[in-house]
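This is data-v2.txt. It holds compact mmCIF, C-alpha atoms.
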# COMPACT_ATOMS: atom_id res chain seq x y z
CA MET A 112 28.76 33.42 80.19
CA ILE A 113 26.78 31.49 77.60
CA VAL A 114 23.16 32.65 77.75
CA HIS A 115 20.52 30.05 76.90
CA GLU A 116 17.45 32.10 77.77
CA GLU A 117 16.89 35.74 78.65
CA GLN A 118 13.49 35.39 80.34
CA PRO A 119 13.71 33.61 82.68
CA PHE A 120 17.46 34.11 82.77
CA ASN A 121 19.45 30.91 82.23
CA ALA A 122 23.17 30.97 81.52
CA GLU A 123 26.18 28.72 82.01
CA SER A 124 29.77 29.50 82.86
CA GLY A 125 32.42 29.63 80.17
CA LEU A 126 35.34 27.22 80.36
CA ALA A 127 37.71 29.95 81.55
CA ALA A 128 35.58 30.46 84.67
CA LEU A 129 35.58 26.72 85.38
CA ALA A 130 39.39 26.66 85.25
CA GLU A 131 39.57 28.60 88.52
CA PRO A 132 39.31 26.76 91.89
CA LEU A 133 36.47 29.10 92.93
CA THR A 134 34.05 30.25 90.27
CA ALA A 135 33.71 34.03 90.08
CA THR A 136 30.29 35.16 91.26
CA ASN A 137 29.62 37.11 88.06
CA ALA A 138 30.47 34.02 85.99
CA PHE A 139 28.60 31.45 88.11
CA TYR A 140 25.87 29.59 86.23
CA VAL A 141 22.26 30.70 86.68
CA ARG A 142 19.24 28.38 86.45
CA GLY A 143 15.86 30.03 86.83
CA HIS A 144 12.24 29.00 86.29
CA GLY A 145 10.68 32.45 86.63
CA ASP A 146 11.47 36.12 87.00
CA VAL A 147 14.01 37.17 89.64
CA PRO A 148 11.81 38.45 92.49
CA ASP A 149 12.31 41.94 93.88
CA ILE A 150 12.75 41.48 97.63
CA ASP A 151 13.44 44.15 100.24
CA PRO A 152 15.96 42.53 102.65
CA ALA A 153 14.70 44.67 105.54
CA ALA A 154 11.14 43.43 105.04
CA TRP A 155 12.07 39.83 104.25
CA ARG A 156 10.78 37.14 106.59
CA MET A 157 11.32 33.39 106.56
CA LYS A 158 8.62 31.11 107.99
CA VAL A 159 9.38 27.72 109.54
CA HIS A 160 6.38 25.47 110.13
CA GLY A 161 4.98 21.97 109.71
CA ALA A 162 5.98 19.03 111.89
CA VAL A 163 7.66 21.21 114.52
CA GLU A 164 7.03 22.09 118.15
CA ARG A 165 6.93 25.81 117.41
CA ASP A 166 6.50 27.87 114.26
CA LEU A 167 9.12 30.52 113.55
CA GLU A 168 9.20 33.75 111.57
CA LEU A 169 12.74 35.07 111.23
CA SER A 170 14.07 38.31 109.78
CA LEU A 171 17.48 38.57 108.16
CA THR A 172 18.76 40.48 111.20
CA THR A 173 17.54 37.75 113.56
CA LEU A 174 19.06 35.05 111.36
CA ARG A 175 22.42 36.82 111.48
CA GLU A 176 22.38 37.61 115.20
CA ALA A 177 20.73 34.57 116.76
CA PHE A 178 22.76 31.81 115.08
CA GLN A 179 26.44 31.07 114.58
CA GLU A 180 27.78 32.10 111.18
CA ARG A 181 29.29 29.33 109.06
CA SER A 182 31.05 29.10 105.69
CA VAL A 183 31.18 26.08 103.39
CA THR A 184 32.97 25.72 100.05
CA ALA A 185 30.63 23.69 97.88
CA THR A 186 30.06 22.81 94.24
CA LEU A 187 26.58 23.24 92.82
CA GLN A 188 25.64 21.43 89.63
CA CYS A 189 22.46 21.55 87.59
CA ALA A 190 20.88 18.17 86.85
CA GLY A 191 20.95 19.18 83.17
CA ASN A 192 24.69 19.84 83.09
CA ARG A 193 26.23 18.50 79.83
CA ARG A 194 22.75 17.92 78.34
CA ALA A 195 24.12 18.93 74.92
CA GLY A 196 25.99 15.63 74.80
CA LEU A 197 22.75 13.68 75.22
CA ALA A 198 20.96 15.89 72.66
CA ALA A 199 23.66 14.93 70.17
CA VAL A 200 22.52 11.32 70.53
CA ARG A 201 18.83 12.13 70.13
CA ASP A 202 16.80 15.32 70.22
CA ILE A 203 15.52 16.59 73.59
CA PRO A 204 12.83 19.12 72.69
CA GLY A 205 11.92 21.89 75.08
CA GLU A 206 15.09 21.68 77.17
CA ALA A 207 18.01 24.13 77.21
CA PRO A 208 21.16 22.68 75.57
CA TRP A 209 23.39 23.06 78.62
CA GLY A 210 27.04 22.37 77.95
CA PRO A 211 29.60 21.63 80.70
CA GLY A 212 29.19 25.02 82.40
CA ALA A 213 26.04 24.41 84.47
CA THR A 214 28.27 23.89 87.48
CA GLY A 215 30.46 25.98 89.74
CA THR A 216 32.14 26.16 93.12
CA ALA A 217 31.83 28.99 95.63
CA THR A 218 32.34 29.68 99.30
CA TRP A 219 28.91 30.19 100.82
CA THR A 220 28.31 31.96 104.14
CA GLY A 221 25.24 31.90 106.35
CA VAL A 222 23.91 29.73 109.15
CA ALA A 223 23.38 26.00 109.44
CA LEU A 224 19.84 24.94 108.56
CA ALA A 225 20.22 22.42 111.39
CA ASP A 226 20.45 25.24 113.95
CA VAL A 227 17.20 26.81 112.73
CA LEU A 228 15.45 23.43 112.72
CA SER A 229 16.69 22.76 116.25
CA LEU A 230 15.07 25.98 117.46
CA ALA A 231 11.78 24.98 115.82
CA GLY A 232 11.96 21.49 117.39
CA PRO A 233 11.18 18.83 114.75
CA LEU A 234 8.54 16.30 115.79
CA HIS A 235 8.69 12.53 115.35
CA ALA A 236 6.90 12.85 112.00
CA ALA A 237 9.75 14.95 110.57
CA LYS A 238 11.16 12.93 107.66
CA HIS A 239 11.70 15.63 105.02
CA VAL A 240 12.35 19.37 104.94
CA GLY A 241 10.77 21.41 102.16
CA PHE A 242 11.80 24.82 100.84
CA VAL A 243 9.73 27.39 98.95
CA GLY A 244 11.20 30.37 97.12
CA ALA A 245 9.64 33.69 96.21
CA ASP A 246 9.97 33.07 92.46
CA VAL A 247 6.79 32.15 90.62
CA SER A 248 7.13 29.86 87.61
CA PRO A 249 4.61 30.10 84.76
CA GLU A 250 5.95 26.83 83.33
CA ALA A 251 4.63 24.89 86.32
CA ARG A 252 1.25 23.17 86.11
CA PRO A 253 -0.46 24.82 87.90
CA THR A 254 1.58 28.05 88.15
CA GLN A 255 3.37 28.00 91.51
CA ARG A 256 6.42 29.10 93.44
CA PHE A 257 9.57 27.04 93.03
CA GLY A 258 10.09 24.48 95.77
CA GLY A 259 11.68 21.19 96.71
CA SER A 260 12.73 19.09 99.68
CA ILE A 261 15.57 17.02 101.08
CA PRO A 262 15.51 14.24 103.67
CA HIS A 263 15.48 15.45 107.27
CA GLU A 264 18.66 13.48 107.90
CA LYS A 265 20.51 15.58 105.31
CA ALA A 266 18.88 18.81 106.52
CA SER A 267 20.26 18.08 109.99
CA ARG A 268 23.82 18.02 108.68
CA ARG A 269 25.79 21.18 109.39
CA GLU A 270 27.03 21.61 105.82
CA VAL A 271 23.52 22.57 104.66
CA LEU A 272 23.31 26.36 104.85
CA LEU A 273 20.85 29.20 104.73
CA ALA A 274 23.28 31.46 102.90
CA TRP A 275 23.35 35.25 102.50
CA ALA A 276 26.87 35.59 101.06
CA MET A 277 28.80 34.10 98.15
CA ASN A 278 32.58 34.31 97.77
CA GLY A 279 32.78 36.85 100.58
CA GLU A 280 30.24 39.28 99.12
CA PRO A 281 26.49 39.70 99.68
CA LEU A 282 24.47 37.22 97.66
CA PRO A 283 23.44 38.86 94.34
CA PRO A 284 19.71 38.92 93.51
CA VAL A 285 20.17 36.54 90.55
CA HIS A 286 21.71 33.97 92.92
CA GLY A 287 18.93 34.10 95.50
CA ALA A 288 19.29 37.18 97.70
CA PRO A 289 18.59 37.85 100.44
CA VAL A 290 18.80 34.16 101.51
CA ARG A 291 19.06 30.88 99.65
CA VAL A 292 19.50 27.26 100.64
CA VAL A 293 22.81 25.55 99.81
CA VAL A 294 22.61 21.74 99.87
CA PRO A 295 26.12 20.36 99.17
CA GLY A 296 26.23 17.11 97.22
CA TYR A 297 22.69 17.45 95.84
CA ILE A 298 21.47 18.69 92.46
CA GLY A 299 21.23 22.46 92.26
CA ALA A 300 17.42 22.38 92.21
CA ARG A 301 17.42 21.51 95.92
CA SER A 302 19.41 24.67 96.76
CA VAL A 303 16.27 26.80 96.57
CA LYS A 304 16.83 30.53 95.98
CA TRP A 305 14.92 33.52 97.39
CA LEU A 306 13.89 31.37 100.35
CA GLU A 307 10.65 32.35 102.06
CA GLU A 308 9.34 29.19 103.67
CA ILE A 309 10.66 26.03 105.33
CA GLU A 310 8.17 23.24 105.93
CA VAL A 311 9.13 20.20 107.99
CA ARG A 312 7.18 17.31 106.48
CA SER A 313 6.42 13.60 106.77
CA ALA A 314 6.69 13.10 102.99
CA PRO A 315 8.76 14.58 100.13
CA TRP A 316 7.74 17.90 98.62
CA PRO A 317 4.68 17.36 96.37
CA GLY A 318 5.21 20.40 94.12
CA TYR A 319 5.70 20.38 90.37
CA PHE A 320 9.48 20.74 90.37
CA GLN A 321 10.06 17.69 92.54
CA ASN A 322 7.09 15.52 91.64
CA VAL A 323 7.19 16.05 87.87
CA VAL A 324 10.28 17.90 86.58
CA TYR A 325 13.48 16.84 88.31
CA ARG A 326 13.01 13.12 87.84
CA LEU A 327 15.00 10.60 85.81
CA LEU A 328 12.77 8.82 83.29
CA PRO A 329 13.48 5.65 81.33
CA GLU A 330 14.26 6.11 77.64
CA ASP A 331 10.60 5.63 76.65
CA GLY A 332 9.16 7.41 79.70
CA THR A 333 6.75 10.36 79.72
CA PRO A 334 6.97 13.13 82.35
CA GLY A 335 4.13 13.09 84.83
CA PRO A 336 3.41 13.18 88.57
CA GLY A 337 5.59 10.58 90.26
CA ALA A 338 6.98 9.21 86.98
CA GLY A 339 10.58 8.03 87.04
CA MET A 340 12.90 8.42 90.01
CA PRO A 341 13.48 11.68 91.90
CA LEU A 342 16.90 13.24 91.46
CA GLY A 343 18.86 14.01 94.60
CA LEU A 344 22.56 13.22 94.93
CA VAL A 345 24.81 14.43 92.14
CA ALA A 346 26.37 11.65 90.06
CA LEU A 347 30.14 11.37 89.65
CA ASN A 348 31.18 13.67 86.81
CA SER A 349 34.19 15.35 85.23
CA ASP A 350 35.16 17.51 82.30
CA VAL A 351 38.06 19.07 80.45
CA VAL A 352 38.36 22.85 80.75
CA THR A 353 41.48 23.29 78.61
CA PRO A 354 42.03 22.66 75.75
CA ALA A 355 38.56 23.22 74.34
CA GLU A 356 36.77 21.02 71.83
CA GLY A 357 38.15 21.62 68.31
CA ASP A 358 41.23 23.55 69.41
CA THR A 359 44.36 23.56 67.28
CA VAL A 360 47.43 23.17 69.51
CA PRO A 361 51.19 22.91 68.93
CA ALA A 362 52.47 19.34 68.70
CA GLY A 363 54.57 18.19 71.62
CA PRO A 364 53.93 18.81 75.32
CA LEU A 365 50.38 19.88 76.17
CA GLU A 366 48.93 20.49 79.62
CA VAL A 367 45.35 19.31 79.95
CA ARG A 368 43.25 20.57 82.87
CA GLY A 369 39.80 19.84 84.14
CA TYR A 370 37.59 19.18 87.15
CA ALA A 371 35.93 16.17 88.73
CA PHE A 372 33.09 16.11 91.24
CA ALA A 373 31.80 13.09 93.11
CA GLY A 374 28.59 14.42 94.72
CA GLY A 375 26.79 12.96 97.71
CA GLU A 376 29.08 11.79 100.50
CA ARG A 377 31.73 10.57 98.05
CA TYR A 378 35.02 12.19 97.07
CA VAL A 379 37.16 12.08 93.93
CA SER A 380 39.89 9.49 94.36
CA ARG A 381 41.47 9.40 90.88
CA VAL A 382 41.29 10.86 87.38
CA ASP A 383 42.67 9.02 84.33
CA VAL A 384 43.30 10.31 80.81
CA SER A 385 43.59 8.34 77.56
CA LEU A 386 44.79 9.25 74.07
CA ASP A 387 44.17 5.87 72.43
CA GLY A 388 40.43 5.39 72.75
CA GLY A 389 40.64 3.99 76.27
CA ALA A 390 43.11 1.19 75.54
CA THR A 391 45.59 2.67 78.02
CA TRP A 392 45.21 5.31 80.73
CA SER A 393 47.53 7.71 82.54
CA PRO A 394 46.76 9.14 85.99
CA ALA A 395 46.30 12.90 86.27
CA GLU A 396 47.56 14.97 89.18
CA LEU A 397 44.83 15.98 91.62
CA LEU A 398 45.18 19.64 92.60
CA ASP A 399 44.11 21.54 95.74
CA ASP A 400 41.54 19.85 97.97
CA LEU A 401 38.90 22.49 98.72
CA GLY A 402 37.01 20.26 101.15
CA PRO A 403 34.52 17.39 101.10
CA TRP A 404 31.77 19.29 99.23
CA ALA A 405 33.82 20.80 96.40
CA TRP A 406 35.08 19.64 93.05
CA ARG A 407 38.70 18.60 92.53
CA HIS A 408 40.72 20.18 89.76
CA TRP A 409 43.28 18.02 87.98
CA ARG A 410 46.01 18.35 85.35
CA ILE A 411 48.19 16.11 83.20
CA GLN A 412 51.00 16.67 80.72
CA LEU A 413 50.49 14.87 77.41
CA ASP A 414 52.82 14.54 74.43
CA LEU A 415 50.92 14.98 71.16
CA ALA A 416 52.29 13.93 67.79
CA PRO A 417 51.13 16.01 64.82
CA GLY A 418 47.60 15.03 63.81
CA ASP A 419 44.12 14.64 65.26
CA HIS A 420 43.64 13.40 68.81
CA GLU A 421 40.75 12.56 71.11
CA ILE A 422 41.36 13.14 74.81
CA ILE A 423 39.18 10.91 77.01
CA VAL A 424 38.80 11.35 80.76
CA ARG A 425 37.38 9.12 83.47
CA ALA A 426 37.09 10.00 87.14
CA TRP A 427 36.85 7.53 90.02
CA ASP A 428 35.22 8.19 93.37
CA SER A 429 35.70 6.79 96.87
CA SER A 430 33.12 4.06 96.26
CA ALA A 431 35.29 2.75 93.37
CA ALA A 432 32.69 3.92 90.83
CA THR A 433 33.77 5.41 87.52
CA GLN A 434 32.03 7.17 84.65
CA PRO A 435 30.07 5.40 81.88
CA GLU A 436 31.83 5.12 78.53
CA ASP A 437 29.50 7.28 76.42
CA GLU A 438 26.14 9.03 76.26
CA ARG A 439 24.24 6.47 74.20
CA ALA A 440 23.21 4.38 77.20
CA LEU A 441 22.37 7.48 79.28
CA TRP A 442 19.86 9.23 77.01
CA ASN A 443 16.59 10.16 78.72
CA PRO A 444 13.67 12.42 77.72
CA LYS A 445 14.68 15.27 80.05
CA GLY A 446 18.41 15.11 79.38
CA TYR A 447 19.50 14.69 82.98
CA VAL A 448 22.59 13.11 84.57
CA ASN A 449 24.99 13.05 81.65
CA ASN A 450 28.08 11.83 83.45
CA ALA A 451 29.64 9.99 80.52
CA ARG A 452 33.38 10.19 80.07
CA PRO A 453 34.16 13.57 78.47
CA ARG A 454 35.87 13.52 75.09
CA VAL A 455 37.71 16.50 73.61
CA ARG A 456 39.04 16.46 70.05
CA VAL A 457 42.05 18.59 69.18
CA ARG A 458 44.42 18.93 66.23
CA ALA A 459 48.16 19.11 66.89
CA VAL A 460 50.23 20.94 64.29
CA PRO A 461 54.03 21.05 63.98
CA ARG A 462 55.66 23.88 65.85
CA HIS A 463 57.22 26.51 63.61
CA PRO A 464 61.00 26.06 63.46
CA ARG A 465 62.99 28.93 64.90
CA LEU A 466 64.34 31.16 62.20
CA SER A 467 68.09 31.63 61.96
CA PRO A 468 69.27 35.20 62.57

As structure tokens, the full file:
Amino acid sequence: MIVHEEQPFNAESGLAALAEPLTATNAFYVRGHGDVPDIDPAAWRMKVHGAVERDLELSLTTLREAFQERSVTATLQCAGNRRAGLAAVRDIPGEAPWGPGATGTATWTGVALADVLSLAGPLHAAKHVGFVGADVSPEARPTQRFGGSIPHEKASRREVLLAWAMNGEPLPPVHGAPVRVVVPGYIGARSVKWLEEIEVRSAPWPGYFQNVVYRLLPEDGTPGPGAGMPLGLVALNSDVVTPAEGDTVPAGPLEVRGYAFAGGERYVSRVDVSLDGGATWSPAELLDDLGPWAWRHWRIQLDLAPGDHEIIVRAWDSSAATQPEDERALWNPKGYVNNARPRVRVRAVPRHPRLSP
């Protein structure tokens, strides 16, 4: 992993980890805003309250025994994924220079949030569902626990989980144990870790990390309460996982691999690759379909003449949207939502001739 910060711990996956259909748990990116809390699973309790008929307080044992277990394969992606590309256009002070590894796909196991909400009985005023974790962030103003919310309509969908396992193993502490939220299709900040509280609300979560931080500002905008637009659904994105930027490769046939992720309710419908600056495009082969909430890996065989080459990729989703051409028009003060077409430069060198015996 590529570590950006030790305290709080923030690290992204290396390209080798992203080349696998499921991202290994020990290589899955970590985004934290405070220390990892020390929670005793046996003593853990989750409160459900707000615009509901009845408040709940559930233990991990009750959560496991009272509700049907479900598993969902889903991609999570940080809103700051590929921020380094925007920082190359113009400096973004105070923000971690995330590369393409602030994303990953895992199989999550737990119970449907919808089942828990059904037991609590949402009232007519229920329009949003907020989550609060046990982690306290000193960067927040004022200092507070991490939290966020999603629309009640999304929370009622059965793909949204209260998860206690990841890739078939108990959820590690750094990934939110004993229980975290997994909100497929939404930015990773909505998949709140170390979950302690669910509040059914009439309005979006008012806390610092939804009302100030995870918002898309105009180029000349200044972060502040309610400034810009709140981030929710993940934008269509893609990247190349092999070869890597700056690689030297043998001239001739070269297999290029990568991933594409549509986010929201959309799915990846096509991936194109260009070697001539976007004048012409060739379709890549879409690999295994892991389900509606997961990325799609792709591959293509290119033929490289000796010399320098720039590989450009564009994904298309089911709404017929594609990726913007470059980062210049996407720059924003927080460095969010860089979904520009990825570009990887490589140098092809002649293959060594076989020596005669």

Which residues, written as a ChimeraX atom specification, have at least one atom at most 6 Å from A:Ser313, with all atoms listed in the file counted and residues fewer than 2 positions away on the same chain left out?
/A:236-239

Go ahead and find all residues with at least one atom no further than 12 Å from (29.7, 32.9, 92.0) in the file's coordinates, using all atoms listed in the file; report them as a PyMOL selection string.
chain A and resi 112+123-124+128-129+131-141+184-187+213-219+276-287

How would the residues just chosen look if you wrote them out with C-alpha atoms as a PDB file, in the frame of the given file?
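Output contents, as saved in part_32.pdb:
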ATOM      1  CA  MET A 112      28.760  33.420  80.190  1.00  0.00           C
ATOM      2  CA  GLU A 123      26.180  28.720  82.010  1.00  0.00           C
ATOM      3  CA  SER A 124      29.770  29.500  82.860  1.00  0.00           C
ATOM      4  CA  ALA A 128      35.580  30.460  84.670  1.00  0.00           C
ATOM      5  CA  LEU A 129      35.580  26.720  85.380  1.00  0.00           C
ATOM      6  CA  GLU A 131      39.570  28.600  88.520  1.00  0.00           C
ATOM      7  CA  PRO A 132      39.310  26.760  91.890  1.00  0.00           C
ATOM      8  CA  LEU A 133      36.470  29.100  92.930  1.00  0.00           C
ATOM      9  CA  THR A 134      34.050  30.250  90.270  1.00  0.00           C
ATOM     10  CA  ALA A 135      33.710  34.030  90.080  1.00  0.00           C
ATOM     11  CA  THR A 136      30.290  35.160  91.260  1.00  0.00           C
ATOM     12  CA  ASN A 137      29.620  37.110  88.060  1.00  0.00           C
ATOM     13  CA  ALA A 138      30.470  34.020  85.990  1.00  0.00           C
ATOM     14  CA  PHE A 139      28.600  31.450  88.110  1.00  0.00           C
ATOM     15  CA  TYR A 140      25.870  29.590  86.230  1.00  0.00           C
ATOM     16  CA  VAL A 141      22.260  30.700  86.680  1.00  0.00           C
ATOM     17  CA  THR A 184      32.970  25.720 100.050  1.00  0.00           C
ATOM     18  CA  ALA A 185      30.630  23.690  97.880  1.00  0.00           C
ATOM     19  CA  THR A 186      30.060  22.810  94.240  1.00  0.00           C
ATOM     20  CA  LEU A 187      26.580  23.240  92.820  1.00  0.00           C
ATOM     21  CA  ALA A 213      26.040  24.410  84.470  1.00  0.00           C
ATOM     22  CA  THR A 214      28.270  23.890  87.480  1.00  0.00           C
ATOM     23  CA  GLY A 215      30.460  25.980  89.740  1.00  0.00           C
ATOM     24  CA  THR A 216      32.140  26.160  93.120  1.00  0.00           C
ATOM     25  CA  ALA A 217      31.830  28.990  95.630  1.00  0.00           C
ATOM     26  CA  THR A 218      32.340  29.680  99.300  1.00  0.00           C
ATOM     27  CA  TRP A 219      28.910  30.190 100.820  1.00  0.00           C
ATOM     28  CA  ALA A 276      26.870  35.590 101.060  1.00  0.00           C
ATOM     29  CA  MET A 277      28.800  34.100  98.150  1.00  0.00           C
ATOM     30  CA  ASN A 278      32.580  34.310  97.770  1.00  0.00           C
ATOM     31  CA  GLY A 279      32.780  36.850 100.580  1.00  0.00           C
ATOM     32  CA  GLU A 280      30.240  39.280  99.120  1.00  0.00           C
ATOM     33  CA  PRO A 281      26.490  39.700  99.680  1.00  0.00           C
ATOM     34  CA  LEU A 282      24.470  37.220  97.660  1.00  0.00           C
ATOM     35  CA  PRO A 283      23.440  38.860  94.340  1.00  0.00           C
ATOM     36  CA  PRO A 284      19.710  38.920  93.510  1.00  0.00           C
ATOM     37  CA  VAL A 285      20.170  36.540  90.550  1.00  0.00           C
ATOM     38  CA  HIS A 286      21.710  33.970  92.920  1.00  0.00           C
ATOM     39  CA  GLY A 287      18.930  34.100  95.500  1.00  0.00           C
TER      40      GLY A 287
END

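For A:Asp428, the set of protein, DNA and RNA residues having any atom at most 10 Å away, when counting only C-alpha atoms and skipping those fewer than 5 positions along the same chain, is Leu347, Asn348, Ala371, Phe372, Ala373, Gly374, Arg377, Tyr378, Val379, Ser380, Arg381, Val382, Thr433 and Gln434 of chain A.
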
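The smallest atom-to-atom distance between A:Val243 and any of A:Leu167, A:Met157, A:Val227, A:Val222, using all atoms listed in the file, is found for A:Met157.
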
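Proximity ranking of A:Val240, A:Ile150, A:Pro444, A:Ser182 relative to A:Lys265 places A:Val240 first, based on only C-alpha atoms.
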
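Picture a line from atom CA of A:Ser393 to atom CA of A:Asp437; it runs 19.0 Å.
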
Just checking: using all atoms listed in the file, which residue out of A:Arg291, A:Arg269, A:Arg452, A:Arg458 ends up closest to A:Glu438?
A:Arg452

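Polymer residues near (21.2, 18.5, 76.4): counting all atoms listed in the file with a cut-off of 8 Å, they are Gly191, Asn192, Arg193, Arg194, Ala195, Gly196, Leu197, Ala198, Ala199, Ile203, Glu206, Ala207, Pro208, Trp209, Gly210, Gly446 and Tyr447 of chain A.
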
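Between atom CA of A:Glu436 and atom CA of A:Asp387 the interatomic distance comes to 13.8 Å.
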
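Note that the spacing between atom CA of A:Val457 and atom CA of A:Leu415 amounts to 9.8 Å.
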
For A:Val147, the closest of A:Lys304, A:Lys445, A:His263, A:Arg201 counting only C-alpha atoms is A:Lys304

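Residue nearest A:His408, chosen from A:Glu396, A:Glu310, A:Asp246, A:Glu376 and counting all atoms listed in the file: A:Glu396.
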
Spatial neighbours of stretch 232-235 of chain A, 7 Å, all atoms listed in the file, chain gap at least 2 places, as a ChimeraX atom specification
/A:162-165,228-230,237

Just the residues within 10 Å of A:Pro315, please, counting all atoms listed in the file, with nothing from its chain fewer than 2 positions along; format it as a list in words.
Lys238, His239, Val240, Gly241, Gly259, Ser260, Ile261, Pro262, His263, Val311, Arg312, Ser313, Pro317, Gly318, Gln321, Asn322 and Pro341 of chain A

Might you pull out every residue within 12 Å of A:Phe320, with only C-alpha atoms counted and same-chain residues fewer than 4 positions away left off, and present them as a VMD selection string?
chain A and resid 143 to 144 241 to 244 247 to 260 300 to 301 303 315 to 316 324 to 326 334 to 337 341 to 342

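The closest residue to A:Pro148, picked from A:Trp305, A:Phe178, A:Tyr297, A:Trp406 and counting only C-alpha atoms, is A:Trp305.
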
Dump of stretch 275-288 of chain A from preceding block, N, CA, C and O atoms, as a CSV table (one decimal), in the first residue's frame:
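Contents of the output file part.csv:
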chain,number,residue,atom,x,y,z
A,275,TRP,N,-20.4,-6.9,8.9
A,275,TRP,CA,-19.5,-7.3,9.9
A,275,TRP,C,-18.4,-8.2,9.3
A,275,TRP,O,-17.5,-8.6,10.0
A,276,ALA,N,-18.4,-8.4,8.0
A,276,ALA,CA,-17.4,-9.3,7.4
A,276,ALA,C,-17.0,-8.7,6.0
A,276,ALA,O,-17.8,-8.0,5.4
A,277,MET,N,-15.8,-9.0,5.6
A,277,MET,CA,-15.2,-8.5,4.4
A,277,MET,C,-14.4,-9.6,3.7
A,277,MET,O,-13.5,-10.2,4.3
A,278,ASN,N,-14.8,-9.9,2.5
A,278,ASN,CA,-14.1,-11.0,1.8
A,278,ASN,C,-14.1,-12.3,2.6
A,278,ASN,O,-13.1,-13.1,2.6
A,279,GLY,N,-15.2,-12.6,3.3
A,279,GLY,CA,-15.3,-13.9,4.0
A,279,GLY,C,-14.7,-14.0,5.3
A,279,GLY,O,-14.7,-15.0,6.0
A,280,GLU,N,-14.1,-12.9,5.8
A,280,GLU,CA,-13.4,-12.8,7.1
A,280,GLU,C,-14.0,-11.7,7.9
A,280,GLU,O,-14.5,-10.7,7.4
A,281,PRO,N,-13.9,-11.8,9.3
A,281,PRO,CA,-14.4,-10.7,10.1
A,281,PRO,C,-13.8,-9.4,9.7
A,281,PRO,O,-12.6,-9.3,9.3
A,282,LEU,N,-14.6,-8.4,9.8
A,282,LEU,CA,-14.1,-7.0,9.4
A,282,LEU,C,-13.0,-6.6,10.3
A,282,LEU,O,-13.0,-6.6,11.5
A,283,PRO,N,-11.8,-6.2,9.7
A,283,PRO,CA,-10.7,-5.7,10.5
A,283,PRO,C,-11.0,-4.4,11.2
A,283,PRO,O,-11.8,-3.6,10.7
A,284,PRO,N,-10.4,-4.1,12.3
A,284,PRO,CA,-10.6,-2.8,13.0
A,284,PRO,C,-10.4,-1.6,12.1
A,284,PRO,O,-11.2,-0.7,12.1
A,285,VAL,N,-9.4,-1.6,11.2
A,285,VAL,CA,-9.1,-0.5,10.4
A,285,VAL,C,-10.2,-0.2,9.3
A,285,VAL,O,-10.3,0.9,8.8
A,286,HIS,N,-11.0,-1.3,9.1
A,286,HIS,CA,-12.1,-1.1,8.1
A,286,HIS,C,-13.4,-1.0,8.7
A,286,HIS,O,-14.5,-1.2,8.1
A,287,GLY,N,-13.5,-0.8,10.1
A,287,GLY,CA,-14.7,-0.5,10.7
A,287,GLY,C,-15.3,-1.4,11.7
A,287,GLY,O,-16.5,-1.3,12.0
A,288,ALA,N,-14.6,-2.4,12.1
A,288,ALA,CA,-15.1,-3.4,13.0
A,288,ALA,C,-15.6,-2.8,14.3
A,288,ALA,O,-15.0,-1.8,14.8
